[in-house]
$ cat coords.txt   # compact mmCIF, C-alpha atoms
# COMPACT_ATOMS: atom_id res chain seq x y z
CA MET Z 1 120.30 151.07 173.90
CA VAL Z 2 122.88 151.79 171.23
CA LYS Z 3 121.82 153.57 168.07
CA VAL Z 4 123.32 151.88 165.02
CA ASN Z 5 122.58 153.46 161.64
CA GLY Z 6 119.62 155.24 163.18
CA GLU Z 7 118.07 152.11 164.72
CA PRO Z 8 118.12 151.25 168.45
CA GLN Z 9 120.00 148.02 169.12
CA GLU Z 10 120.51 145.91 172.25
CA ALA Z 11 124.27 146.05 172.02
CA ALA Z 12 125.45 147.75 175.21
CA GLY Z 13 128.29 145.81 176.83
CA GLU Z 14 129.42 144.16 173.60
CA SER Z 15 132.60 145.11 171.81
CA LEU Z 16 132.01 146.88 168.52
CA ALA Z 17 133.87 144.10 166.70
CA ALA Z 18 131.63 141.44 168.23
CA TYR Z 19 128.47 143.42 167.52
CA LEU Z 20 129.35 144.08 163.87
CA ALA Z 21 130.25 140.44 163.27
CA ALA Z 22 127.10 139.12 164.98
CA ALA Z 23 124.90 141.58 163.11
CA GLY Z 24 126.33 140.39 159.82
CA TYR Z 25 128.34 143.39 158.63
CA ASP Z 26 131.24 142.77 156.27
CA ILE Z 27 133.97 144.32 158.45
CA ARG Z 28 136.39 144.46 155.52
CA ALA Z 29 134.06 146.74 153.56
CA VAL Z 30 132.86 149.15 156.24
CA ALA Z 31 133.98 152.29 158.05
CA VAL Z 32 132.62 153.32 161.43
CA GLU Z 33 131.83 156.67 162.96
CA TYR Z 34 131.55 156.22 166.74
CA ASN Z 35 129.89 159.03 168.68
CA GLY Z 36 130.71 161.45 165.90
CA ALA Z 37 134.36 160.51 165.33
CA ILE Z 38 135.95 158.10 162.89
CA LEU Z 39 136.98 154.88 164.63
CA PRO Z 40 139.95 153.07 163.04
CA LYS Z 41 139.43 149.34 162.44
CA GLU Z 42 142.15 148.34 164.89
CA ARG Z 43 140.06 149.85 167.69
CA TYR Z 44 136.83 147.92 166.99
CA ALA Z 45 137.82 145.07 169.31
CA ALA Z 46 138.71 147.30 172.26
CA THR Z 47 135.67 149.56 171.93
CA VAL Z 48 132.89 148.45 174.27
CA LEU Z 49 129.46 149.81 173.37
CA ALA Z 50 127.53 151.65 176.05
CA ASP Z 51 123.98 152.93 176.43
CA GLY Z 52 123.52 156.11 174.42
CA ASP Z 53 126.33 155.43 171.96
CA VAL Z 54 125.68 156.43 168.37
CA VAL Z 55 127.31 154.30 165.70
CA GLU Z 56 127.28 154.80 161.95
CA VAL Z 57 128.44 151.89 159.80
CA VAL Z 58 128.97 152.82 156.16
CA CYS Z 59 130.31 151.32 152.96
CA PHE Z 60 130.79 152.35 149.35
CA MET Z 61 128.08 151.79 146.81
CA GLY Z 62 127.47 152.84 143.24
CA GLY Z 63 127.02 156.56 142.82
CA GLY Z 64 127.38 159.26 140.25
CA CYS Z 65 125.32 161.87 138.54
CA MET M 1 145.16 171.82 134.59
CA ALA M 2 146.02 170.84 131.04
CA MET M 3 149.61 169.74 130.82
CA GLU M 4 151.39 169.46 127.52
CA GLN M 5 154.86 168.06 127.82
CA ASN M 6 156.44 166.11 125.00
CA GLY M 7 153.11 166.20 123.17
CA GLU M 8 151.34 164.60 126.13
CA ASP M 9 147.89 165.96 126.91
CA CYS M 10 147.11 165.16 130.52
CA LEU M 11 144.50 166.14 133.03
CA GLU M 12 146.23 166.92 136.31
CA LEU M 13 144.27 166.72 139.54
CA GLY M 14 145.83 166.87 142.96
CA GLY M 15 149.30 166.26 141.55
CA ARG M 16 148.22 163.16 139.62
CA LYS M 17 148.10 162.89 135.87
CA PHE M 18 145.27 161.28 133.97
CA HIS M 19 145.08 160.51 130.28
CA SER M 20 141.33 159.95 130.26
CA ARG M 21 139.04 162.95 130.48
CA PHE M 22 135.95 160.88 131.11
CA ILE M 23 134.91 160.62 134.75
CA LEU M 24 132.53 157.73 135.11
CA GLY M 25 129.79 157.34 137.68
CA SER M 26 128.90 153.93 139.06
CA GLY M 27 125.30 154.55 140.12
CA LYS M 28 122.04 153.12 138.84
CA TYR M 29 123.49 150.05 137.14
CA SER M 30 124.57 146.62 138.23
CA LEU M 31 127.93 145.87 139.77
CA GLN M 32 128.41 143.24 137.07
CA LEU M 33 128.46 145.97 134.41
CA ILE M 34 131.02 148.18 136.11
CA GLU M 35 134.10 146.43 134.82
CA ALA M 36 132.92 146.58 131.20
CA ALA M 37 131.82 150.20 131.65
CA VAL M 38 135.21 151.24 133.03
CA ARG M 39 137.04 149.35 130.31
CA ASP M 40 134.99 150.66 127.41
CA ALA M 41 134.90 154.19 128.84
CA GLY M 42 138.67 154.10 129.24
CA ALA M 43 137.94 155.77 132.58
CA GLU M 44 140.71 156.34 135.10
CA ILE M 45 138.45 158.01 137.67
CA VAL M 46 135.20 156.48 138.92
CA THR M 47 132.83 158.04 141.42
CA VAL M 48 131.26 156.06 144.25
CA ALA M 49 128.85 157.01 147.01
CA VAL M 50 129.00 156.35 150.75
CA ARG M 51 125.93 154.82 152.34
CA ARG M 52 124.87 153.14 155.55
CA ALA M 53 125.99 149.53 155.32
CA ASN M 54 123.40 146.81 155.08
CA THR M 55 123.85 143.62 157.10
CA LYS M 56 122.26 141.57 154.33
CA GLU M 57 124.32 142.90 151.45
CA HIS M 58 127.76 141.44 151.07
CA GLU M 59 128.72 142.51 147.61
CA ASN M 60 131.51 145.05 147.78
CA ILE M 61 131.61 147.47 144.87
CA LEU M 62 135.37 147.76 145.26
CA ASP M 63 135.68 144.15 144.11
CA TYR M 64 134.22 145.19 140.76
CA ILE M 65 136.31 148.29 140.06
CA PRO M 66 139.74 147.64 138.52
CA LYS M 67 142.53 148.44 140.97
CA GLN M 68 144.29 151.00 138.77
CA VAL M 69 141.22 153.25 138.79
CA THR M 70 141.25 156.30 141.07
CA LEU M 71 138.14 156.30 143.22
CA LEU M 72 136.34 159.57 143.65
CA PRO M 73 133.92 159.17 146.58
CA ASN M 74 131.13 161.72 146.59
CA THR M 75 129.28 163.19 149.55
CA SER M 76 125.83 162.69 148.09
CA GLY M 77 123.23 162.61 150.81
CA ALA M 78 124.87 165.53 152.60
CA ARG M 79 122.53 168.45 153.28
CA THR M 80 125.07 170.65 155.08
CA ALA M 81 128.79 171.38 154.94
CA ASP M 82 129.27 169.47 158.20
CA GLU M 83 127.58 166.38 156.82
CA ALA M 84 129.75 166.54 153.70
CA VAL M 85 132.87 166.73 155.87
CA ARG M 86 131.71 163.72 157.92
CA ILE M 87 131.04 161.71 154.76
CA ALA M 88 134.46 162.66 153.38
CA HIS M 89 136.11 161.42 156.58
CA LEU M 90 134.21 158.14 156.36
CA ALA M 91 135.17 157.78 152.70
CA ARG M 92 138.83 158.27 153.53
CA GLU M 93 138.52 155.69 156.31
CA LEU M 94 137.14 153.27 153.73
CA GLY M 95 140.65 153.36 152.38
CA CYS M 96 140.60 154.73 148.89
CA GLY M 97 142.76 157.79 149.00
CA ASP M 98 142.18 161.49 149.46
CA PHE M 99 139.99 162.38 146.50
CA VAL M 100 136.51 163.60 147.33
CA LYS M 101 133.72 165.08 145.27
CA ILE M 102 131.65 167.46 147.37
CA GLU M 103 127.91 167.23 146.74
CA ILE M 104 125.63 169.13 149.07
CA MET M 105 121.95 169.30 148.25
CA ARG M 106 119.27 170.83 150.41
CA ASP M 107 116.67 170.71 147.70
CA SER M 108 115.25 167.26 147.07
CA LYS M 109 113.11 168.14 144.06
CA TYR M 110 115.67 169.64 141.70
CA LEU M 111 118.75 168.30 143.53
CA LEU M 112 120.59 171.56 143.02
CA PRO M 113 123.88 171.94 144.89
CA ASP M 114 124.16 174.41 147.76
CA ASN M 115 127.04 176.55 146.51
CA GLU M 116 127.69 178.39 149.77
CA ALA M 117 127.86 175.23 151.88
CA THR M 118 130.00 173.64 149.17
CA VAL M 119 132.59 176.41 149.51
CA ARG M 120 132.73 175.87 153.28
CA ALA M 121 133.12 172.10 153.02
CA THR M 122 135.77 172.54 150.31
CA GLU M 123 137.78 174.86 152.53
CA THR M 124 137.66 172.50 155.51
CA LEU M 125 138.59 169.40 153.53
CA ALA M 126 141.30 171.04 151.42
CA LYS M 127 142.98 172.20 154.63
CA GLU M 128 142.92 168.61 155.85
CA GLY M 129 144.75 167.49 152.73
CA PHE M 130 141.87 166.16 150.65
CA ILE M 131 141.91 166.61 146.89
CA VAL M 132 138.56 168.32 146.64
CA LEU M 133 136.39 168.38 143.52
CA PRO M 134 133.26 170.38 144.31
CA TYR M 135 130.03 169.91 142.39
CA MET M 136 128.38 173.31 141.97
CA TYR M 137 125.80 175.40 140.21
CA PRO M 138 127.82 177.31 137.61
CA ASP M 139 128.37 180.70 139.16
CA LEU M 140 131.56 182.68 138.68
CA ASN M 141 131.63 184.15 142.19
CA THR M 142 131.27 180.73 143.77
CA ALA M 143 133.91 179.30 141.47
CA ARG M 144 136.34 182.02 142.57
CA ASP M 145 135.56 181.22 146.19
CA LEU M 146 136.22 177.54 145.47
CA VAL M 147 139.63 178.43 144.03
CA SER M 148 140.44 180.38 147.20
CA ALA M 149 139.13 177.49 149.32
CA GLY M 150 141.67 175.13 147.76
CA ALA M 151 139.60 173.12 145.29
CA ALA M 152 141.52 170.93 142.83
CA ALA M 153 138.91 171.42 140.11
CA VAL M 154 135.43 172.85 139.72
CA MET M 155 132.52 170.67 138.64
CA PRO M 156 129.61 172.76 137.34
CA LEU M 157 126.33 171.08 136.46
CA ALA M 158 125.20 171.15 132.84
CA ALA M 159 121.56 170.44 133.69
CA PRO M 160 119.60 168.99 136.61
CA ILE M 161 121.22 165.77 137.75
CA GLY M 162 119.99 162.66 136.02
CA SER M 163 118.02 164.66 133.44
CA ASN M 164 120.13 163.90 130.32
CA LYS M 165 119.17 167.39 129.09
CA GLY M 166 122.66 168.45 128.06
CA LEU M 167 124.39 171.81 128.23
CA VAL M 168 121.52 173.86 129.61
CA THR M 169 123.98 176.08 131.54
CA LYS M 170 126.38 176.37 128.62
CA GLU M 171 126.95 180.14 128.75
CA PHE M 172 127.81 180.03 132.44
CA ILE M 173 130.10 177.02 132.12
CA GLN M 174 131.92 178.88 129.36
CA ILE M 175 132.48 181.79 131.72
CA LEU M 176 134.03 179.42 134.26
CA ILE M 177 136.25 177.87 131.60
CA ASP M 178 137.39 181.31 130.49
CA GLU M 179 137.94 182.82 133.93
CA ILE M 180 138.89 180.07 136.37
CA ASP M 181 142.43 178.77 136.48
CA LEU M 182 141.46 175.25 137.53
CA PRO M 183 140.18 172.31 135.49
CA ILE M 184 136.46 172.73 134.80
CA ILE M 185 134.82 169.31 134.78
CA VAL M 186 131.31 169.34 133.38
CA ASP M 187 129.11 167.29 135.65
CA ALA M 188 125.45 166.29 135.80
CA GLY M 189 122.92 166.43 133.03
CA ILE M 190 125.13 165.41 130.12
CA GLY M 191 122.90 163.00 128.23
CA SER M 192 124.67 162.16 124.99
CA PRO M 193 128.12 161.84 123.47
CA ALA M 194 127.39 164.87 121.26
CA GLN M 195 126.81 166.99 124.37
CA ALA M 196 129.98 165.66 125.99
CA CYS M 197 131.92 166.47 122.83
CA GLU M 198 130.53 170.00 122.78
CA ALA M 199 131.56 170.54 126.41
CA MET M 200 135.08 169.43 125.56
CA GLN M 201 135.17 171.68 122.48
CA MET M 202 134.30 174.57 124.77
CA GLY M 203 137.45 173.87 126.75
CA ALA M 204 136.18 171.75 129.60
CA ALA M 205 138.98 169.71 131.16
CA ALA M 206 136.81 166.62 131.51
CA VAL M 207 133.22 165.42 131.48
CA MET M 208 131.45 163.30 134.03
CA ALA M 209 128.57 161.02 133.03
CA ASN M 210 126.53 158.32 134.70
CA THR M 211 122.79 158.46 134.01
CA ALA M 212 123.38 158.84 130.27
CA LEU M 213 125.04 155.43 130.33
CA ALA M 214 122.85 153.80 132.96
CA THR M 215 119.71 154.64 130.98
CA ALA M 216 121.16 153.75 127.57
CA GLY M 217 120.18 150.57 125.75
CA ASP M 218 123.72 149.15 125.79
CA LEU M 219 125.77 150.56 128.61
CA PRO M 220 129.30 149.49 127.60
CA LEU M 221 128.69 150.58 123.99
CA MET M 222 127.50 153.98 125.21
CA ALA M 223 130.59 154.17 127.44
CA ALA M 224 132.73 153.67 124.35
CA ALA M 225 130.75 156.30 122.45
CA PHE M 226 131.32 158.82 125.24
CA ARG M 227 135.01 157.98 125.32
CA GLU M 228 135.38 158.72 121.62
CA ALA M 229 133.24 161.86 121.78
CA ILE M 230 135.22 163.27 124.70
CA ALA M 231 138.52 162.51 122.98
CA ALA M 232 137.25 164.10 119.75
CA GLY M 233 136.02 167.20 121.56
CA ARG M 234 139.35 167.56 123.33
CA LYS M 235 141.24 167.30 120.03
CA ALA M 236 138.94 169.87 118.45
CA TYR M 237 139.54 172.24 121.35
CA ARG M 238 143.30 171.81 121.10
CA ALA M 239 143.17 172.26 117.34
CA GLY M 240 141.13 175.44 117.64
CA LEU M 241 137.76 175.49 115.94
CA GLY M 242 137.44 177.23 112.59
CA ARG M 243 135.70 180.58 112.58
CA VAL M 244 132.00 181.05 111.94
CA LEU M 245 130.98 183.68 109.38
CA SER M 246 128.40 186.14 110.60
CA ARG M 247 126.88 186.15 107.09
CA GLY M 248 127.52 185.11 103.54
CA ALA M 249 129.80 182.33 102.35
CA ALA M 250 133.48 181.70 101.71
CA ALA M 251 134.46 179.21 99.05
CA SER M 252 137.04 176.56 99.76
CA ASP M 253 137.55 175.92 96.05
CA PRO M 254 139.23 178.20 93.54
CA LEU M 255 136.58 180.39 91.90
CA THR M 256 138.11 180.78 88.47
CA GLY M 257 134.95 179.98 86.51
CA PHE M 258 137.22 178.33 83.93
CA LEU M 259 134.47 176.71 81.82
CA ARG M 260 132.94 180.04 80.97
CA ASP M 261 135.73 181.67 78.99
$ encode --input "coords.txt" --output "structure tokens"
Amino acid sequence: MVKVNGEPQEAAGESLAAYLAAAGYDIRAVAVEYNGAILPKERYAATVLADGDVVEVVCFMGGGC
Amino acid sequence: MAMEQNGEDCLELGGRKFHSRFILGSGKYSLQLIEAAVRDAGAEIVTVAVRRANTKEHENILDYIPKQVTLLPNTSGARTADEAVRIAHLARELGCGDFVKIEIMRDSKYLLPDNEATVRATETLAKEGFIVLPYMYPDLNTARDLVSAGAAAVMPLAAPIGSNKGLVTKEFIQILIDEIDLPIIVDAGIGSPAQACEAMQMGAAAVMANTALATAGDLPLMAAAFREAIAAGRKAYRAGLGRVLSRGAAASDPLTGFLRD
């Protein structure tokens, strides 16, 4: 099981790029923290998800005070 | 820091010069209104938040913010210094430069910033080369620590965030303005153009507003009102306000009583 944004996902064995595309994320608009470290976009394709991985996928949204 | 060269009155943050002193938030209103809000506010800096991405949402806020605007991502949602640092790293990875507004809140009822954690996050991120604008509860000791930590400005709250209550912490913000050699940007709680103008008259370097606009009847029109109020307050500050008499009156007209003789 891979934890993506706090939810367990059946994604072990897939590349991060393939998982994000299949799940419906807009790759252009997101940043990824992979097991606690920032993962540059050019490494999404070569990063293969494994059981126990923790992935955060974030984007900008409106915010202020 | 206020820069006045050749009559130019600029706000300088992290080595960049801005002519607008109105920092605009982008929360709590529709993406479709952002462009008009930025235009009518004359804003050159707009704050955005970082959130977990949603697989069903494909609207990208960056498509709605004019390209010349400097994005100021905030770390809202962070409860600790470490979380703020993580959010700042993610924001930088999202590709919008090195500006970051630190917001760390442990308290979910009053949403007051954690000053001590804010100093720690500021120090870490400034060392990494971020241009750090920390949101804080107006306290002189913390502000001095933020200067030492490498902050580019200090952003004291005027009132609880989203409250539109105005300059509740006025006396303490004035102390920061008088004692801290960094731009003081009044943040959170400013509810009306009159309050924004007053903050600028006090010597604030800039004012941030969001809820005041988002909860107004006509958002772009309120953005324009804030723009004018902030510009007016800045001019009044630069001009130097006239003195206030402690008692009595002082005529502005000649008191010759000429009809009586």
$ closest_residue --input "coords.txt" --among "Z:Val54, Z:Leu20, Z:Ala11, Z:Ala46" --to "chain M" --atoms "all atoms listed in the file"
Z:Leu20
$ atom_distance --input "coords.txt" --atom1 "atom CA of Thr75 of chain M" --atom2 "atom CA of Ala224 of chain M"
27.2 Å
$ residues_around --input "coords.txt" --residues "Ala37 of chain Z" --least-positions-apart "2" --cutoff "10 Å" --atoms "all atoms listed in the file" --output "ChimeraX atom specification"
/Z:32-35,39-40,55-56 /M:86,89-90
$ write_last_selection --input "coords.txt" --atoms "C-alpha atoms" --output "mmCIF file, in the frame of the given file"
data_model
loop_
_atom_site.group_PDB
_atom_site.id
_atom_site.type_symbol
_atom_site.label_atom_id
_atom_site.label_comp_id
_atom_site.auth_asym_id
_atom_site.auth_seq_id
_atom_site.Cartn_x
_atom_site.Cartn_y
_atom_site.Cartn_z
ATOM 1 C CA VAL Z 32 132.620 153.320 161.430
ATOM 2 C CA GLU Z 33 131.830 156.670 162.960
ATOM 3 C CA TYR Z 34 131.550 156.220 166.740
ATOM 4 C CA ASN Z 35 129.890 159.030 168.680
ATOM 5 C CA LEU Z 39 136.980 154.880 164.630
ATOM 6 C CA PRO Z 40 139.950 153.070 163.040
ATOM 7 C CA VAL Z 55 127.310 154.300 165.700
ATOM 8 C CA GLU Z 56 127.280 154.800 161.950
ATOM 9 C CA ARG M 86 131.710 163.720 157.920
ATOM 10 C CA HIS M 89 136.110 161.420 156.580
ATOM 11 C CA LEU M 90 134.210 158.140 156.360
#
$ residues_around --input "coords.txt" --residues "segment 149-166 of chain M" --least-positions-apart "5" --cutoff "8 Å" --atoms "only C-alpha atoms" --output "count of residues only"
37
$ closest_residue --input "coords.txt" --among "M:Ala214, M:Ala91, M:Ile102, M:Leu167" --to "Ser76 of chain M" --atoms "all atoms listed in the file"
M:Ile102
$ interface_residues --input "coords.txt" --of "chain Z" --to "chain M" --cutoff "10 Å" --atoms "all atoms listed in the file" --output "ChimeraX atom specification"
/Z:4-6,20-26,28-33,36-41,56-65
$ atom_distance --input "coords.txt" --atom1 "atom CA of Ala239 of chain M" --atom2 "atom CA of Met202 of chain M"
11.8 Å
$ residues_around --input "coords.txt" --residues "Gly52 of chain Z" --least-positions-apart "2" --cutoff "7 Å" --atoms "all atoms listed in the file" --output "number ranges by chain"
Z: 1-2, 50, 54
$ atom_distance --input "coords.txt" --atom1 "atom CA of Glu42 of chain Z" --atom2 "atom CA of Cys96 of chain M"
17.3 Å
$ axis_aligned_box --input "coords.txt" --around "segment 21-31 of chain Z" --padding-each-side "5 Å" --output "JSON"
{"center_x": 130.6, "center_y": 145.7, "center_z": 159.3, "size_x": 21.5, "size_y": 23.2, "size_z": 21.4}
$ residues_near_point --input "coords.txt" --point "(147.9, 159.7, 141.8)" --cutoff "10 Å" --atoms "all atoms listed in the file" --output "ChimeraX atom specification"
/M:12-18,68-70,97-99
$ write_last_selection --input "coords.txt" --atoms "C-alpha atoms" --output "mmCIF file, in the frame of the given file"
data_model
loop_
_atom_site.group_PDB
_atom_site.id
_atom_site.type_symbol
_atom_site.label_atom_id
_atom_site.label_comp_id
_atom_site.auth_asym_id
_atom_site.auth_seq_id
_atom_site.Cartn_x
_atom_site.Cartn_y
_atom_site.Cartn_z
ATOM 1 C CA GLU M 12 146.230 166.920 136.310
ATOM 2 C CA LEU M 13 144.270 166.720 139.540
ATOM 3 C CA GLY M 14 145.830 166.870 142.960
ATOM 4 C CA GLY M 15 149.300 166.260 141.550
ATOM 5 C CA ARG M 16 148.220 163.160 139.620
ATOM 6 C CA LYS M 17 148.100 162.890 135.870
ATOM 7 C CA PHE M 18 145.270 161.280 133.970
ATOM 8 C CA GLN M 68 144.290 151.000 138.770
ATOM 9 C CA VAL M 69 141.220 153.250 138.790
ATOM 10 C CA THR M 70 141.250 156.300 141.070
ATOM 11 C CA GLY M 97 142.760 157.790 149.000
ATOM 12 C CA ASP M 98 142.180 161.490 149.460
ATOM 13 C CA PHE M 99 139.990 162.380 146.500
#
$ closest_residue --input "coords.txt" --among "M:Gln174, M:Ser20, M:Thr80, M:Ser252" --to "Glu228 of chain M" --atoms "all atoms listed in the file"
M:Ser20
$ decode --input "coords.txt" --residues "segment 38-50 of chain Z" --atoms "N, CA and C atoms" --output "short mmCIF file (atom, residue, chain, number, x, y, z; two decimals), in the first residue's frame"
data_model
loop_
_atom_site.label_atom_id
_atom_site.label_comp_id
_atom_site.auth_asym_id
_atom_site.auth_seq_id
_atom_site.Cartn_x
_atom_site.Cartn_y
_atom_site.Cartn_z
N ILE Z 38 11.37 16.57 -1.45
CA ILE Z 38 10.81 17.07 -2.71
C ILE Z 38 11.33 16.22 -3.86
N LEU Z 39 10.43 15.84 -4.75
CA LEU Z 39 10.82 15.05 -5.92
C LEU Z 39 10.64 15.91 -7.17
N PRO Z 40 11.75 16.23 -7.86
CA PRO Z 40 11.61 17.05 -9.08
C PRO Z 40 10.80 16.31 -10.15
N LYS Z 41 10.10 17.08 -10.97
CA LYS Z 41 9.20 16.49 -11.98
C LYS Z 41 9.91 15.51 -12.90
N GLU Z 42 11.17 15.82 -13.24
CA GLU Z 42 11.87 14.95 -14.20
C GLU Z 42 12.15 13.56 -13.62
N ARG Z 43 11.90 13.40 -12.32
CA ARG Z 43 12.13 12.07 -11.72
C ARG Z 43 10.85 11.28 -11.50
N TYR Z 44 9.70 11.85 -11.87
CA TYR Z 44 8.43 11.13 -11.66
C TYR Z 44 8.42 9.81 -12.43
N ALA Z 45 8.93 9.84 -13.67
CA ALA Z 45 8.83 8.66 -14.53
C ALA Z 45 9.70 7.52 -14.00
N ALA Z 46 10.86 7.87 -13.44
CA ALA Z 46 11.81 6.84 -13.02
C ALA Z 46 11.58 6.37 -11.58
N THR Z 47 10.63 7.03 -10.90
CA THR Z 47 10.38 6.66 -9.50
C THR Z 47 9.29 5.60 -9.43
N VAL Z 48 9.66 4.41 -8.99
CA VAL Z 48 8.68 3.31 -8.89
C VAL Z 48 8.20 3.24 -7.44
N LEU Z 49 6.88 3.29 -7.29
CA LEU Z 49 6.29 3.30 -5.95
C LEU Z 49 6.40 1.92 -5.31
N ALA Z 50 6.64 1.94 -4.00
CA ALA Z 50 6.78 0.67 -3.27
C ALA Z 50 5.90 0.69 -2.04
#
